[in-house]
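One structure below.
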Amino acid sequence: MRIDRSELHEFIKRWEGKGQENEHTQQFWLQLLRVIGFEYCDDVLFEKRVSNGGQIDVWIREADTLIEQKSLNIDLDRPELRQGVMKTPFKQALDYAEDIRLSEQPRFIVTCNFGIFRIYDRSKYGRSELESNPFEFTLLELEQHPEYLGFITNPENSRLEKEKDVSMRAGALIGQLYDKLQSGYLDPTSDSARHALNVLCVRLVFCLYCEDADLFEKDSFLNYLKDVAPEDVRYKLKNLFHALDTPVADRDPYDTGIRVFPYVNGGLFKDEIEIPNFSQNTLDFLLNDLSAGIDWSQISPTIFGGIFESTLNPDTRRTGGMHYTTPENIHRVIDPLFLDDLKGEFNEILNNKDLSVRQKRNRFTNFHKKLCDLKFFESKTQNLIQINDCPLRGVA
């Protein structure tokens, strides 16, 4: 953790003896994060609403940290009425943390009143013991011990590092699945079989992701195949892929097995492909190692894309439609083309203090509609790409 001691001293001097929750929370934490060398300040979320009606004061997703902020001198043990129940700041924060999707729930909970920090590590204590085991220090103590906030900048606690680990593991497993499926084709070296195998892998990854990311019902893909005999898997997958490409109202009403799956537009499941026979080993690997064994909602597409592509036969990537471009190269094109302007428009609405709450909401609603209607042309093929036709966005 690289810290400029003079900047830390100035920060503490600036904030000593002051701080109101509603006025100063964002300034305080953004300044503090920059002083301690946190590199992802632009990704910090403030006043994030959760389903129980409350708001997370500060959510540092990259550092696996959620913060409940109070005004100066507010007793961090004093309960307040929240959502009709008396809760301490810690209990508020814990409820917010548990209201987040399981794969994104933070490891660290922090309560703070500008003068006192309390750090709770959910990985070290059970729920019943957590509140009575905080690590506490003051703002003044931070000047001599900046390492007290080291968990925020520690790469091992980084969300991106965790995504990288699970993405690399998932990519390696997909490589194994690729080999297992390839052996089931009648002519595995033919161009048509290689193309079909690439498309099949993409479709399976999509289904695995959707059942963990709340786009499908939880474990719906796993449950769809878990009691199927290996020799029947290819028929079940053909039926599923056809259903995913068919609006719900147009499906066979007697086919109850596919009712839980939504319609997916965007063309991912449009074409019928050759699907090989499954062995018991291949089926077990798909269900146990890939479906039940990986939380696909934690996968980083930017990391996984390169790993996934590296598992495929390089001679068939072009015919299979497998083209992976690094995020850096993508942003070199799209940032000056349109993304910088869109970010600027978003930030102008977000930071405009002259707008009322209603006006800001209306501006954001119109901005959201604008995003959904944007269309782009891919230069080489002149294919039209519309944001709301993206397969992940297009689950209906």
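Chain labels run A, B, ... following the order of the structure tokens; each chain numbers its residues from 1, and ligands are numbered from 1 in the order shown.
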Which neighbours of Asn113 in chain A fall inside 10 Å, counting only C-alpha atoms, when residues of the same chain fewer than 6 positions from it are skipped, and could you give them as a JSON list (two decimals) with C-alpha atoms, in the first residue's frame?
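File written: result.json
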```
[["chain", "number", "residue", "atom", "x", "y", "z"],
["A", 18, "LYS", "CA", -16.28, 17.33, 11.36],
["A", 19, "GLY", "CA", -18.53, 15.18, 9.21],
["A", 20, "GLN", "CA", -22.26, 14.97, 8.47],
["A", 21, "GLU", "CA", -23.60, 11.78, 6.92],
["A", 25, "THR", "CA", -19.97, 10.85, 3.08],
["A", 68, "GLU", "CA", -22.53, 2.19, 6.93],
["A", 69, "GLN", "CA", -21.66, 5.84, 7.57],
["A", 70, "LYS", "CA", -22.96, 7.97, 10.46],
["A", 71, "SER", "CA", -22.43, 11.60, 11.38],
["A", 72, "LEU", "CA", -19.66, 12.70, 13.74],
["A", 73, "ASN", "CA", -20.08, 11.59, 17.37],
["A", 74, "ILE", "CA", -23.05, 9.33, 16.62],
["A", 75, "ASP", "CA", -22.78, 6.31, 18.91],
["A", 76, "LEU", "CA", -22.01, 3.29, 16.72],
["A", 89, "PRO", "CA", -25.34, 0.68, 12.38],
["A", 138, "THR", "CA", -9.79, 6.26, 15.31],
["A", 139, "LEU", "CA", -9.18, 8.75, 12.54]]
```
Open item on the list: Residues within 9 Å of Phe364 in chain A, please, as JSON, numbers by chain. Count only C-alpha atoms; anything in the same chain fewer than 3 positions from it doesn't count.
Closed with: {"A": [346, 349, 350, 359, 360, 361, 367, 368, 369]}
Selection from above, N, CA and C atoms, as an mmCIF file, in the first residue's frame, can you write it?
```cif
data_model
loop_
_atom_site.group_PDB
_atom_site.id
_atom_site.type_symbol
_atom_site.label_atom_id
_atom_site.label_comp_id
_atom_site.auth_asym_id
_atom_site.auth_seq_id
_atom_site.Cartn_x
_atom_site.Cartn_y
_atom_site.Cartn_z
ATOM 1 N N PHE A 346 -23.888 10.932 -18.670
ATOM 2 C CA PHE A 346 -24.318 10.305 -17.415
ATOM 3 C C PHE A 346 -23.833 11.111 -16.204
ATOM 4 N N ILE A 349 -25.689 14.389 -15.521
ATOM 5 C CA ILE A 349 -26.963 14.200 -14.814
ATOM 6 C C ILE A 349 -26.702 13.874 -13.344
ATOM 7 N N LEU A 350 -25.752 12.975 -13.117
ATOM 8 C CA LEU A 350 -25.468 12.514 -11.757
ATOM 9 C C LEU A 350 -25.010 13.649 -10.849
ATOM 10 N N GLN A 359 -36.627 15.615 -11.286
ATOM 11 C CA GLN A 359 -35.987 15.980 -12.550
ATOM 12 C C GLN A 359 -34.829 15.052 -12.869
ATOM 13 N N LYS A 360 -34.038 14.716 -11.850
ATOM 14 C CA LYS A 360 -32.903 13.819 -12.073
ATOM 15 C C LYS A 360 -33.401 12.439 -12.493
ATOM 16 N N ARG A 361 -34.453 11.951 -11.840
ATOM 17 C CA ARG A 361 -35.007 10.645 -12.198
ATOM 18 C C ARG A 361 -35.498 10.654 -13.645
ATOM 19 N N PHE A 367 -32.288 9.026 -20.442
ATOM 20 C CA PHE A 367 -30.951 8.556 -20.824
ATOM 21 C C PHE A 367 -30.951 7.046 -21.010
ATOM 22 N N HIS A 368 -31.646 6.334 -20.144
ATOM 23 C CA HIS A 368 -31.759 4.876 -20.272
ATOM 24 C C HIS A 368 -32.440 4.501 -21.579
ATOM 25 N N LYS A 369 -33.501 5.212 -21.937
ATOM 26 C CA LYS A 369 -34.190 4.953 -23.204
ATOM 27 C C LYS A 369 -33.258 5.208 -24.385
#
```
Open item on the list: Taking 4 positions as the minimum chain separation for residues in the same chain, which residues sit within 12 Å of range 291-295 of chain A when counting only C-alpha atoms? Answer as an NGL selection string.
Closed with: :A and (101-104 or 162-163 or 165-174 or 177 or 204-214 or 218-226 or 283-287 or 299-300)
Hey, can you spit out that residue selection with N, CA and C atoms as a CSV table (one decimal), in the first residue's frame?
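Okay, this is what ended up in selection01.csv:
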```csv
chain,number,residue,atom,x,y,z
A,101,ARG,N,-27.1,-10.1,-3.8
A,101,ARG,CA,-26.9,-11.5,-4.4
A,101,ARG,C,-25.7,-12.1,-3.8
A,102,LEU,N,-25.9,-13.4,-3.4
A,102,LEU,CA,-24.9,-14.1,-2.7
A,102,LEU,C,-23.5,-14.0,-3.3
A,103,SER,N,-23.3,-14.1,-4.6
A,103,SER,CA,-22.0,-14.1,-5.2
A,103,SER,C,-21.3,-12.7,-5.1
A,104,GLU,N,-22.1,-11.7,-4.7
A,104,GLU,CA,-21.5,-10.3,-4.6
A,104,GLU,C,-21.5,-9.8,-3.2
A,162,LYS,N,-10.6,-12.2,-7.6
A,162,LYS,CA,-11.4,-13.3,-7.4
A,162,LYS,C,-12.1,-13.8,-8.7
A,163,GLU,N,-12.5,-12.7,-9.5
A,163,GLU,CA,-13.0,-13.0,-10.8
A,163,GLU,C,-12.0,-13.7,-11.7
A,165,ASP,N,-9.5,-15.6,-10.7
A,165,ASP,CA,-9.3,-17.0,-10.3
A,165,ASP,C,-10.4,-17.9,-10.8
A,166,VAL,N,-11.6,-17.5,-10.5
A,166,VAL,CA,-12.8,-18.4,-10.9
A,166,VAL,C,-12.9,-18.4,-12.4
A,167,SER,N,-12.5,-17.4,-13.1
A,167,SER,CA,-12.6,-17.4,-14.6
A,167,SER,C,-11.5,-18.3,-15.2
A,168,MET,N,-10.3,-18.3,-14.6
A,168,MET,CA,-9.3,-19.2,-15.1
A,168,MET,C,-9.7,-20.6,-14.9
A,169,ARG,N,-10.2,-20.9,-13.7
A,169,ARG,CA,-10.7,-22.3,-13.4
A,169,ARG,C,-11.8,-22.7,-14.4
A,170,ALA,N,-12.7,-21.8,-14.6
A,170,ALA,CA,-13.8,-22.2,-15.5
A,170,ALA,C,-13.3,-22.3,-16.9
A,171,GLY,N,-12.4,-21.5,-17.3
A,171,GLY,CA,-11.8,-21.6,-18.7
A,171,GLY,C,-11.1,-23.0,-18.9
A,172,ALA,N,-10.4,-23.4,-17.9
A,172,ALA,CA,-9.7,-24.7,-18.0
A,172,ALA,C,-10.7,-25.8,-18.1
A,173,LEU,N,-11.8,-25.7,-17.3
A,173,LEU,CA,-12.8,-26.8,-17.3
A,173,LEU,C,-13.5,-26.8,-18.7
A,174,ILE,N,-13.8,-25.6,-19.2
A,174,ILE,CA,-14.4,-25.6,-20.6
A,174,ILE,C,-13.5,-26.3,-21.6
A,177,LEU,N,-14.1,-29.9,-21.2
A,177,LEU,CA,-15.4,-30.2,-21.8
A,177,LEU,C,-15.3,-30.3,-23.3
A,204,LEU,N,-23.7,-23.6,-24.2
A,204,LEU,CA,-23.7,-24.2,-22.9
A,204,LEU,C,-23.2,-23.2,-21.8
A,205,VAL,N,-22.1,-22.5,-22.2
A,205,VAL,CA,-21.6,-21.4,-21.3
A,205,VAL,C,-22.7,-20.4,-21.0
A,206,PHE,N,-23.5,-20.0,-22.0
A,206,PHE,CA,-24.6,-19.1,-21.8
A,206,PHE,C,-25.6,-19.6,-20.8
A,207,CYS,N,-26.0,-20.9,-20.9
A,207,CYS,CA,-26.9,-21.5,-20.0
A,207,CYS,C,-26.4,-21.6,-18.6
A,208,LEU,N,-25.1,-22.0,-18.5
A,208,LEU,CA,-24.5,-22.1,-17.2
A,208,LEU,C,-24.5,-20.7,-16.5
A,209,TYR,N,-24.2,-19.7,-17.2
A,209,TYR,CA,-24.1,-18.3,-16.7
A,209,TYR,C,-25.5,-17.9,-16.2
A,210,CYS,N,-26.5,-18.1,-17.1
A,210,CYS,CA,-27.9,-17.6,-16.8
A,210,CYS,C,-28.5,-18.3,-15.6
A,211,GLU,N,-28.2,-19.5,-15.3
A,211,GLU,CA,-28.8,-20.2,-14.2
A,211,GLU,C,-28.2,-19.7,-12.9
A,212,ASP,N,-27.0,-19.1,-12.9
A,212,ASP,CA,-26.4,-18.5,-11.7
A,212,ASP,C,-26.5,-17.0,-11.6
A,213,ALA,N,-26.9,-16.4,-12.7
A,213,ALA,CA,-27.0,-14.9,-12.7
A,213,ALA,C,-28.5,-14.4,-12.7
A,214,ASP,N,-29.4,-15.3,-12.3
A,214,ASP,CA,-30.8,-14.9,-12.2
A,214,ASP,C,-31.5,-14.6,-13.5
A,218,LYS,N,-32.8,-20.5,-10.7
A,218,LYS,CA,-31.6,-21.0,-10.1
A,218,LYS,C,-31.6,-22.5,-10.4
A,219,ASP,N,-30.4,-23.0,-10.9
A,219,ASP,CA,-30.1,-24.4,-11.2
A,219,ASP,C,-31.1,-25.0,-12.2
A,220,SER,N,-31.7,-24.2,-13.0
A,220,SER,CA,-32.7,-24.7,-14.0
A,220,SER,C,-32.1,-25.6,-15.0
A,221,PHE,N,-30.9,-25.2,-15.5
A,221,PHE,CA,-30.2,-26.0,-16.5
A,221,PHE,C,-29.7,-27.4,-15.9
A,222,LEU,N,-29.2,-27.3,-14.7
A,222,LEU,CA,-28.8,-28.5,-14.0
A,222,LEU,C,-30.0,-29.4,-13.8
A,223,ASN,N,-31.1,-28.9,-13.3
A,223,ASN,CA,-32.3,-29.7,-13.1
A,223,ASN,C,-32.9,-30.3,-14.4
A,224,TYR,N,-32.7,-29.6,-15.5
A,224,TYR,CA,-33.2,-30.0,-16.7
A,224,TYR,C,-32.5,-31.3,-17.2
A,225,LEU,N,-31.2,-31.5,-16.9
A,225,LEU,CA,-30.5,-32.6,-17.4
A,225,LEU,C,-30.1,-33.6,-16.4
A,226,LYS,N,-30.3,-33.4,-15.1
A,226,LYS,CA,-29.7,-34.2,-14.1
A,226,LYS,C,-30.3,-35.7,-14.1
A,283,LEU,N,-21.4,-36.2,-19.3
A,283,LEU,CA,-22.6,-35.6,-18.7
A,283,LEU,C,-22.3,-35.3,-17.2
A,284,ASP,N,-21.7,-36.2,-16.5
A,284,ASP,CA,-21.3,-35.9,-15.1
A,284,ASP,C,-20.4,-34.7,-15.0
A,285,PHE,N,-19.5,-34.6,-15.9
A,285,PHE,CA,-18.5,-33.5,-15.9
A,285,PHE,C,-19.3,-32.2,-16.1
A,286,LEU,N,-20.2,-32.1,-17.0
A,286,LEU,CA,-21.0,-30.9,-17.3
A,286,LEU,C,-21.8,-30.5,-16.1
A,287,LEU,N,-22.5,-31.5,-15.5
A,287,LEU,CA,-23.4,-31.2,-14.4
A,287,LEU,C,-22.7,-30.9,-13.1
A,299,ILE,N,-18.0,-14.9,-13.0
A,299,ILE,CA,-17.1,-15.0,-14.2
A,299,ILE,C,-16.9,-13.6,-14.7
A,300,SER,N,-15.6,-13.3,-15.0
A,300,SER,CA,-15.3,-12.0,-15.7
A,300,SER,C,-15.2,-12.3,-17.2
```
Task: range 53-269 of chain A: residues DSSP assigns to alpha helix (DSSP H), reported as a PyMOL selection string - done: chain A and resi 89-99+127-130+139-144+150-153+159-182+191-212+220-225+233-244
Considering only C-alpha atoms, return as a PDB file with C-alpha atoms, in the first residue's frame whatever protein or nucleic-acid residues lie within 9 Å of Gln182 in chain A, sequence-local ones (same chain, fewer than 6 positions apart) excluded.
```pdb
ATOM      1  CA  PRO A 188     -14.595 -34.670 -35.172  1.00  0.00           C
ATOM      2  CA  THR A 189     -12.020 -33.239 -37.610  1.00  0.00           C
ATOM      3  CA  ALA A 193     -18.218 -30.609 -36.601  1.00  0.00           C
ATOM      4  CA  ARG A 194     -15.673 -28.085 -35.375  1.00  0.00           C
ATOM      5  CA  LEU A 197     -18.676 -27.761 -31.324  1.00  0.00           C
ATOM      6  CA  PRO A 276     -22.678 -35.276 -30.393  1.00  0.00           C
TER       7      PRO A 276
END
```
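Relative to CA of Glu47 in chain A, CA of Arg358 in chain A is found at 16.4 Å.
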Task: range 51-56 of chain A surroundings by only C-alpha atoms, 10 Å radius, close-in-sequence under 5 positions cut, as a ChimeraX atom specification - done: /A:45-46,66-69,82-83,92-93,95-97,99-100
Open item on the list: Applying 6 Å and only C-alpha atoms, which residues near range 227-235 of chain A remain after dropping the ones on its own chain fewer than 6 positions away? List them as a ChimeraX atom specification.
Closed with: /A:275,278-280
Selection from above, C-alpha atoms, as a PDB file, in the first residue's frame, can you write it?
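Listed below is the output, part_10.pdb:
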```
ATOM      1  CA  ILE A 275     -24.753 -32.187 -31.213  1.00  0.00           C
ATOM      2  CA  PHE A 278     -22.793 -37.764 -24.527  1.00  0.00           C
ATOM      3  CA  SER A 279     -21.046 -40.371 -22.440  1.00  0.00           C
ATOM      4  CA  GLN A 280     -21.870 -40.715 -18.757  1.00  0.00           C
TER       5      GLN A 280
END
```
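The two atoms in question, CA of Ser132 in chain A and CA of Lys48 in chain A, are spaced 26.2 Å apart.
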- [ ] Mind checking which residues fall within 12 Å of Ser128 in chain A, counting only C-alpha atoms, ignoring those fewer than 4 positions away in the same chain, and posting them as a PyMOL selection string?
- [x] chain A and resi 91+94+122+124+132-133
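Counting only C-alpha atoms and comparing A:Arg61, A:Arg14, A:Arg127, A:Arg107, the residue that lies closest to Val44 in chain A is A:Arg61.
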Task: Nearest candidate to Asp42 in chain A (options A:Asp354, A:Lys343, A:Leu8, A:Tyr125; using only C-alpha atoms) - done: A:Lys343
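CA of Glu147 in chain A sits 9.6 Å away from CA of Ile3 in chain A.
Inside range 69-104 of chain A, the residues DSSP reads as strand (DSSP E) when given the backbone are Gln69, Glu80, Leu81, Arg82, Val85, Met86 and Lys87 of chain A.
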Would you put the residues from that selection into a file with C-alpha atoms, as a PDB file, in the first residue's frame?
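Listed below is the output, again.pdb:
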```pdb
ATOM      1  CA  GLN A  69     -21.663   5.839   7.572  1.00  0.00           C
ATOM      2  CA  GLU A  80     -32.024   3.627  15.120  1.00  0.00           C
ATOM      3  CA  LEU A  81     -35.397   2.959  13.521  1.00  0.00           C
ATOM      4  CA  ARG A  82     -34.797   1.466  10.077  1.00  0.00           C
ATOM      5  CA  VAL A  85     -37.113  -2.031  13.235  1.00  0.00           C
ATOM      6  CA  MET A  86     -34.556  -0.699  15.738  1.00  0.00           C
ATOM      7  CA  LYS A  87     -31.108  -1.492  14.362  1.00  0.00           C
TER       8      LYS A  87
END
```
